[in-house]
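K.L.:
What follows is a single structure, and I will ask about it in a moment.
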Amino acid sequence: MDVTPFIIRKATLEDTNGIFELYKRVSKEIGGLARIEKEISKTYIENFSYKSFDNGLQFVVTEALNEQAIIAEIHCYQLEPGVFKHILSELTVAVHPDCQGKGLGRRLFQTLLEEIRFNRPDILRVELIARESNSKAIQLYEQLGFKIEGRFENRINNGNNSFEADIPMAWFPSKTR
Ligand SMILES: CC(C)(COP(=O)(O)OP(=O)(O)OC[C@H]1O[C@@H](n2cnc3c(N)ncnc32)[C@H](O)[C@@H]1OP(=O)(O)O)[C@@H](O)C(=O)NCCC(=O)NCCS
């Protein structure tokens with residue numbers, strides 16, 4: 001799949017099916033998303049999309065000539081307790097496997113962080129968690145300014161009695177505003 005030219009735009013409700021298909025495909029590759037393919041449901045997609053529309057952010061990348069063909073997505077949203085309202089959490093990013101390694105994930109992430117920096121003065125912290133073996137994602141997040149905050153030992157169960165650490169990371173817009 002050729003990823004150029006493409007468009008980055010805010011997601012809409014009409015994107016649910018496209019995001020569902022994207023997540024189904026991305027989750028087939030082991031070692032990226034936490035959920036495996038059978039755990040990707042329409043309800044899961046609708047749930048994070050509603051929360052992102054309500055108080056967070058959600059962007060998609062589409063082909064320029066077909067704005068319904070979703071090749072990448074990113075979202076994050078606020079947690080419910082009031083003490084966390086200055087945080088965007090549960091951040092997830094997914095790029096179609098045919099389009100990975102071509103700069104899309106970086107561009108999509110930069111769009112999200114610029115939106116927060118310039119249009120969300122209420123947000124003082126953005127957080128995510130990546131499995132330790134997902135070094136390509138962790139490297140990207142560090143390049144974008146995320147800092148590693150610790151190590152959740154044995155948080156990921158890879159099956160066959162094999163576990164790995166999850167790495168919590170955070171980005172602070174005040175340091176870039
Ligand atoms: C992780 C992910 C979002 C990155 O998006 P991407 O479009 O593939 O990445 P980009 O092409 O924008 O590359 C950005 C950086 O990632 C790293 N990277 C990308 N591909 C890489 C590879 N094959 N090997 C090592 N590092 C790589 C590099 O640091 C790269 O920076 P560089 O261009 O200066 O070398 C994407 O690969 C993905 O969706 N993976 C599956 C789902 C997933 O893991 N989601 C994150 C869960 S925490």
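Scheme for the structure tokens: letters A, B, ... for chains in order shown; per-chain residue numbers from 1; ligand numbers from 1 in order shown.
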Output as JSON lines one row per residue of chain A within 9 Å of ligand 1: the closest atom pair and its distance in Å to one decimal place, counting only C-alpha atoms and all ligand atoms, sorted by chain and residue number ascending.

P.N.:
{"residue": "A:Tyr23", "atom": "CA", "partner": "ligand 1", "partner_atom_place_in_ligand_line": "42 (C)", "distance": 8.7}
{"residue": "A:Val26", "atom": "CA", "partner": "ligand 1", "partner_atom_place_in_ligand_line": "41 (C)", "distance": 6.0}
{"residue": "A:Ser27", "atom": "CA", "partner": "ligand 1", "partner_atom_place_in_ligand_line": "42 (C)", "distance": 7.3}
{"residue": "A:Glu29", "atom": "CA", "partner": "ligand 1", "partner_atom_place_in_ligand_line": "41 (C)", "distance": 7.4}
{"residue": "A:Ile30", "atom": "CA", "partner": "ligand 1", "partner_atom_place_in_ligand_line": "41 (C)", "distance": 8.6}
{"residue": "A:Gly31", "atom": "CA", "partner": "ligand 1", "partner_atom_place_in_ligand_line": "44 (O)", "distance": 6.7}
{"residue": "A:Gly32", "atom": "CA", "partner": "ligand 1", "partner_atom_place_in_ligand_line": "44 (O)", "distance": 3.2}
{"residue": "A:Leu33", "atom": "CA", "partner": "ligand 1", "partner_atom_place_in_ligand_line": "47 (C)", "distance": 4.8}
{"residue": "A:Ala34", "atom": "CA", "partner": "ligand 1", "partner_atom_place_in_ligand_line": "47 (C)", "distance": 7.1}
{"residue": "A:Ala72", "atom": "CA", "partner": "ligand 1", "partner_atom_place_in_ligand_line": "39 (O)", "distance": 7.4}
{"residue": "A:Glu73", "atom": "CA", "partner": "ligand 1", "partner_atom_place_in_ligand_line": "39 (O)", "distance": 8.5}
{"residue": "A:Ile74", "atom": "CA", "partner": "ligand 1", "partner_atom_place_in_ligand_line": "3 (C)", "distance": 8.5}
{"residue": "A:Leu91", "atom": "CA", "partner": "ligand 1", "partner_atom_place_in_ligand_line": "48 (S)", "distance": 7.9}
{"residue": "A:Thr92", "atom": "CA", "partner": "ligand 1", "partner_atom_place_in_ligand_line": "47 (C)", "distance": 5.9}
{"residue": "A:Val93", "atom": "CA", "partner": "ligand 1", "partner_atom_place_in_ligand_line": "45 (N)", "distance": 5.0}
{"residue": "A:Ala94", "atom": "CA", "partner": "ligand 1", "partner_atom_place_in_ligand_line": "39 (O)", "distance": 3.5}
{"residue": "A:Val95", "atom": "CA", "partner": "ligand 1", "partner_atom_place_in_ligand_line": "39 (O)", "distance": 3.6}
{"residue": "A:His96", "atom": "CA", "partner": "ligand 1", "partner_atom_place_in_ligand_line": "39 (O)", "distance": 6.3}
{"residue": "A:Pro97", "atom": "CA", "partner": "ligand 1", "partner_atom_place_in_ligand_line": "39 (O)", "distance": 6.9}
{"residue": "A:Cys99", "atom": "CA", "partner": "ligand 1", "partner_atom_place_in_ligand_line": "7 (O)", "distance": 6.5}
{"residue": "A:Gln100", "atom": "CA", "partner": "ligand 1", "partner_atom_place_in_ligand_line": "8 (O)", "distance": 3.4}
{"residue": "A:Gly101", "atom": "CA", "partner": "ligand 1", "partner_atom_place_in_ligand_line": "11 (O)", "distance": 3.2}
{"residue": "A:Lys102", "atom": "CA", "partner": "ligand 1", "partner_atom_place_in_ligand_line": "11 (O)", "distance": 3.9}
{"residue": "A:Gly103", "atom": "CA", "partner": "ligand 1", "partner_atom_place_in_ligand_line": "12 (O)", "distance": 3.2}
{"residue": "A:Leu104", "atom": "CA", "partner": "ligand 1", "partner_atom_place_in_ligand_line": "7 (O)", "distance": 4.1}
{"residue": "A:Gly105", "atom": "CA", "partner": "ligand 1", "partner_atom_place_in_ligand_line": "7 (O)", "distance": 3.4}
{"residue": "A:Arg106", "atom": "CA", "partner": "ligand 1", "partner_atom_place_in_ligand_line": "12 (O)", "distance": 3.7}
{"residue": "A:Arg107", "atom": "CA", "partner": "ligand 1", "partner_atom_place_in_ligand_line": "12 (O)", "distance": 6.4}
{"residue": "A:Leu108", "atom": "CA", "partner": "ligand 1", "partner_atom_place_in_ligand_line": "12 (O)", "distance": 8.0}
{"residue": "A:Phe109", "atom": "CA", "partner": "ligand 1", "partner_atom_place_in_ligand_line": "12 (O)", "distance": 8.4}
{"residue": "A:Leu128", "atom": "CA", "partner": "ligand 1", "partner_atom_place_in_ligand_line": "48 (S)", "distance": 7.2}
{"residue": "A:Ile129", "atom": "CA", "partner": "ligand 1", "partner_atom_place_in_ligand_line": "48 (S)", "distance": 6.0}
{"residue": "A:Ala130", "atom": "CA", "partner": "ligand 1", "partner_atom_place_in_ligand_line": "48 (S)", "distance": 4.1}
{"residue": "A:Arg131", "atom": "CA", "partner": "ligand 1", "partner_atom_place_in_ligand_line": "48 (S)", "distance": 6.7}
{"residue": "A:Asn134", "atom": "CA", "partner": "ligand 1", "partner_atom_place_in_ligand_line": "44 (O)", "distance": 6.4}
{"residue": "A:Ser135", "atom": "CA", "partner": "ligand 1", "partner_atom_place_in_ligand_line": "26 (N)", "distance": 6.9}
{"residue": "A:Lys136", "atom": "CA", "partner": "ligand 1", "partner_atom_place_in_ligand_line": "26 (N)", "distance": 3.9}
{"residue": "A:Ala137", "atom": "CA", "partner": "ligand 1", "partner_atom_place_in_ligand_line": "1 (C)", "distance": 4.1}
{"residue": "A:Ile138", "atom": "CA", "partner": "ligand 1", "partner_atom_place_in_ligand_line": "48 (S)", "distance": 7.6}
{"residue": "A:Gln139", "atom": "CA", "partner": "ligand 1", "partner_atom_place_in_ligand_line": "29 (O)", "distance": 4.9}
{"residue": "A:Leu140", "atom": "CA", "partner": "ligand 1", "partner_atom_place_in_ligand_line": "16 (O)", "distance": 4.3}
{"residue": "A:Tyr141", "atom": "CA", "partner": "ligand 1", "partner_atom_place_in_ligand_line": "16 (O)", "distance": 8.0}
{"residue": "A:Glu142", "atom": "CA", "partner": "ligand 1", "partner_atom_place_in_ligand_line": "29 (O)", "distance": 8.6}
{"residue": "A:Gln143", "atom": "CA", "partner": "ligand 1", "partner_atom_place_in_ligand_line": "29 (O)", "distance": 7.1}

K.L.:
With only C-alpha atoms as the counted atoms, please give the residues lying no more than 7 Å from Phe59 of chain A, apart from itself and same-chain residues fewer than 4 positions off, as a PDB file with N, CA and C atoms, in the first residue's frame.

P.N.:
ATOM      1  N   ILE A   8      -4.113  13.953   7.501  1.00  0.00           N
ATOM      2  CA  ILE A   8      -4.341  13.754   8.940  1.00  0.00           C
ATOM      3  C   ILE A   8      -5.505  14.657   9.324  1.00  0.00           C
ATOM      4  N   ARG A   9      -6.529  14.091   9.947  1.00  0.00           N
ATOM      5  CA  ARG A   9      -7.689  14.885  10.370  1.00  0.00           C
ATOM      6  C   ARG A   9      -8.246  14.339  11.663  1.00  0.00           C
ATOM      7  N   LYS A  10      -9.100  15.149  12.313  1.00  0.00           N
ATOM      8  CA  LYS A  10      -9.766  14.656  13.518  1.00  0.00           C
ATOM      9  C   LYS A  10     -10.726  13.532  13.132  1.00  0.00           C
ATOM     10  N   ALA A  11     -10.886  12.563  14.008  1.00  0.00           N
ATOM     11  CA  ALA A  11     -11.797  11.451  13.736  1.00  0.00           C
ATOM     12  C   ALA A  11     -13.243  11.904  13.919  1.00  0.00           C
ATOM     13  N   GLU A  73      -4.324   5.656  13.369  1.00  0.00           N
ATOM     14  CA  GLU A  73      -5.207   6.322  14.347  1.00  0.00           C
ATOM     15  C   GLU A  73      -4.448   6.543  15.638  1.00  0.00           C
ATOM     16  N   ILE A  74      -4.787   7.647  16.333  1.00  0.00           N
ATOM     17  CA  ILE A  74      -4.245   7.893  17.671  1.00  0.00           C
ATOM     18  C   ILE A  74      -5.351   8.499  18.520  1.00  0.00           C
ATOM     19  N   HIS A  75      -5.398   8.127  19.796  1.00  0.00           N
ATOM     20  CA  HIS A  75      -6.397   8.724  20.696  1.00  0.00           C
ATOM     21  C   HIS A  75      -5.880   8.728  22.123  1.00  0.00           C
TER      22      HIS A  75
END

K.L.:
If DSSP is run on the backbone, what residues of chain A are helix (DSSP H, G or I)? A reply as JSON, numbers by chain would be ideal.

P.N.:
{"A": [13, 14, 15, 16, 17, 18, 19, 20, 21, 22, 23, 24, 25, 26, 37, 38, 39, 42, 43, 44, 45, 46, 47, 48, 49, 50, 51, 52, 53, 54, 55, 82, 83, 84, 97, 98, 99, 104, 105, 106, 107, 108, 109, 110, 111, 112, 113, 114, 115, 116, 117, 118, 119, 135, 136, 137, 138, 139, 140, 141, 142, 143, 173, 174, 175]}

K.L.:
Would you pick out the contacts of Asp15 of chain A at 9 Å or less, using only C-alpha atoms, so that residues sharing its chain but fewer than 2 positions from it are not included, and give the list as a ChimeraX atom specification?

P.N.:
/A:11-13,17-20,60,68-70

K.L.:
Env of Ser41 of chain A: 9 Å cut, atoms = only C-alpha atoms, seq-sep filter 4 positions within chain, self excluded. Answer as an mmCIF file with C-alpha atoms, in the first residue's frame.

P.N.:
data_model
loop_
_atom_site.group_PDB
_atom_site.id
_atom_site.type_symbol
_atom_site.label_atom_id
_atom_site.label_comp_id
_atom_site.auth_asym_id
_atom_site.auth_seq_id
_atom_site.Cartn_x
_atom_site.Cartn_y
_atom_site.Cartn_z
ATOM 1 C CA PHE A 20 -12.284 -1.211 13.748
ATOM 2 C CA LYS A 24 -8.220 -5.809 13.760
ATOM 3 C CA GLU A 37 -7.397 -9.690 17.461
ATOM 4 C CA ILE A 45 -13.668 1.112 19.406
ATOM 5 C CA GLU A 46 -16.897 3.038 20.163
#

K.L.:
Restricting the calculation to only C-alpha atoms: of A:Glu90, A:Ser174, A:Lys147, A:Asn66, which residue gets closest to Ser49 of chain A?

P.N.:
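Result for the nearest residue to Ser49 of chain A: A:Glu90.
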
K.L.:
Output as an MDAnalysis selection string all residues of segment 15-149 of chain A that backbone DSSP marks as strand (DSSP E).

P.N.:
chainID A and resid 57:63 66:77 87:95 125:131 147:148

K.L.:
Using C-alpha atoms, can you write the selected residues to a file as a compact mmCIF listing (two decimals), in the first residue's frame?

P.N.:
# COMPACT_ATOMS: atom_id res chain seq x y z
CA LEU A 57 -8.47 13.87 21.25
CA GLN A 58 -8.59 11.45 18.34
CA PHE A 59 -6.90 11.81 14.94
CA VAL A 60 -6.82 9.52 11.92
CA VAL A 61 -4.64 9.27 8.83
CA THR A 62 -6.46 8.50 5.59
CA GLU A 63 -5.54 8.19 1.97
CA ASN A 66 -10.37 8.24 0.04
CA GLU A 67 -10.95 9.87 3.38
CA GLN A 68 -12.75 6.79 4.70
CA ALA A 69 -9.70 4.53 4.15
CA ILE A 70 -8.07 4.76 7.57
CA ILE A 71 -4.40 3.77 7.69
CA ALA A 72 -3.52 5.08 11.16
CA GLU A 73 -5.21 6.32 14.35
CA ILE A 74 -4.25 7.89 17.67
CA HIS A 75 -6.40 8.72 20.70
CA CYS A 76 -6.22 9.62 24.37
CA TYR A 77 -8.73 10.86 26.93
CA ILE A 87 -4.13 14.35 32.29
CA LEU A 88 -4.72 12.74 28.89
CA SER A 89 -4.33 9.01 29.43
CA GLU A 90 -4.98 5.61 27.82
CA LEU A 91 -3.02 6.80 24.78
CA THR A 92 -3.01 4.29 21.93
CA VAL A 93 -1.55 4.64 18.44
CA ALA A 94 -1.86 2.20 15.53
CA VAL A 95 -0.43 2.37 12.01
CA ARG A 125 0.43 15.73 31.42
CA VAL A 126 0.06 13.08 28.70
CA GLU A 127 0.77 9.46 29.64
CA LEU A 128 1.09 6.09 27.98
CA ILE A 129 2.45 2.61 28.63
CA ALA A 130 4.44 0.49 26.15
CA ARG A 131 5.67 -3.06 26.52
CA LYS A 147 10.23 10.42 29.56
CA ILE A 148 10.39 6.89 30.98

K.L.:
Between atom CA of Leu144 of chain A and atom CA of Phe118 of chain A, measure the distance and give it in Å to one decimal.

P.N.:
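Between atom CA of Leu144 of chain A and atom CA of Phe118 of chain A the gap works out to 16.1 Å.
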
K.L.:
At a cut-off of 8 Å, using only C-alpha atoms, what residues contact Glu149 of chain A? Leave out same-chain residues fewer than 3 positions from it and give the result as a ChimeraX atom specification.

P.N.:
/A:167-170
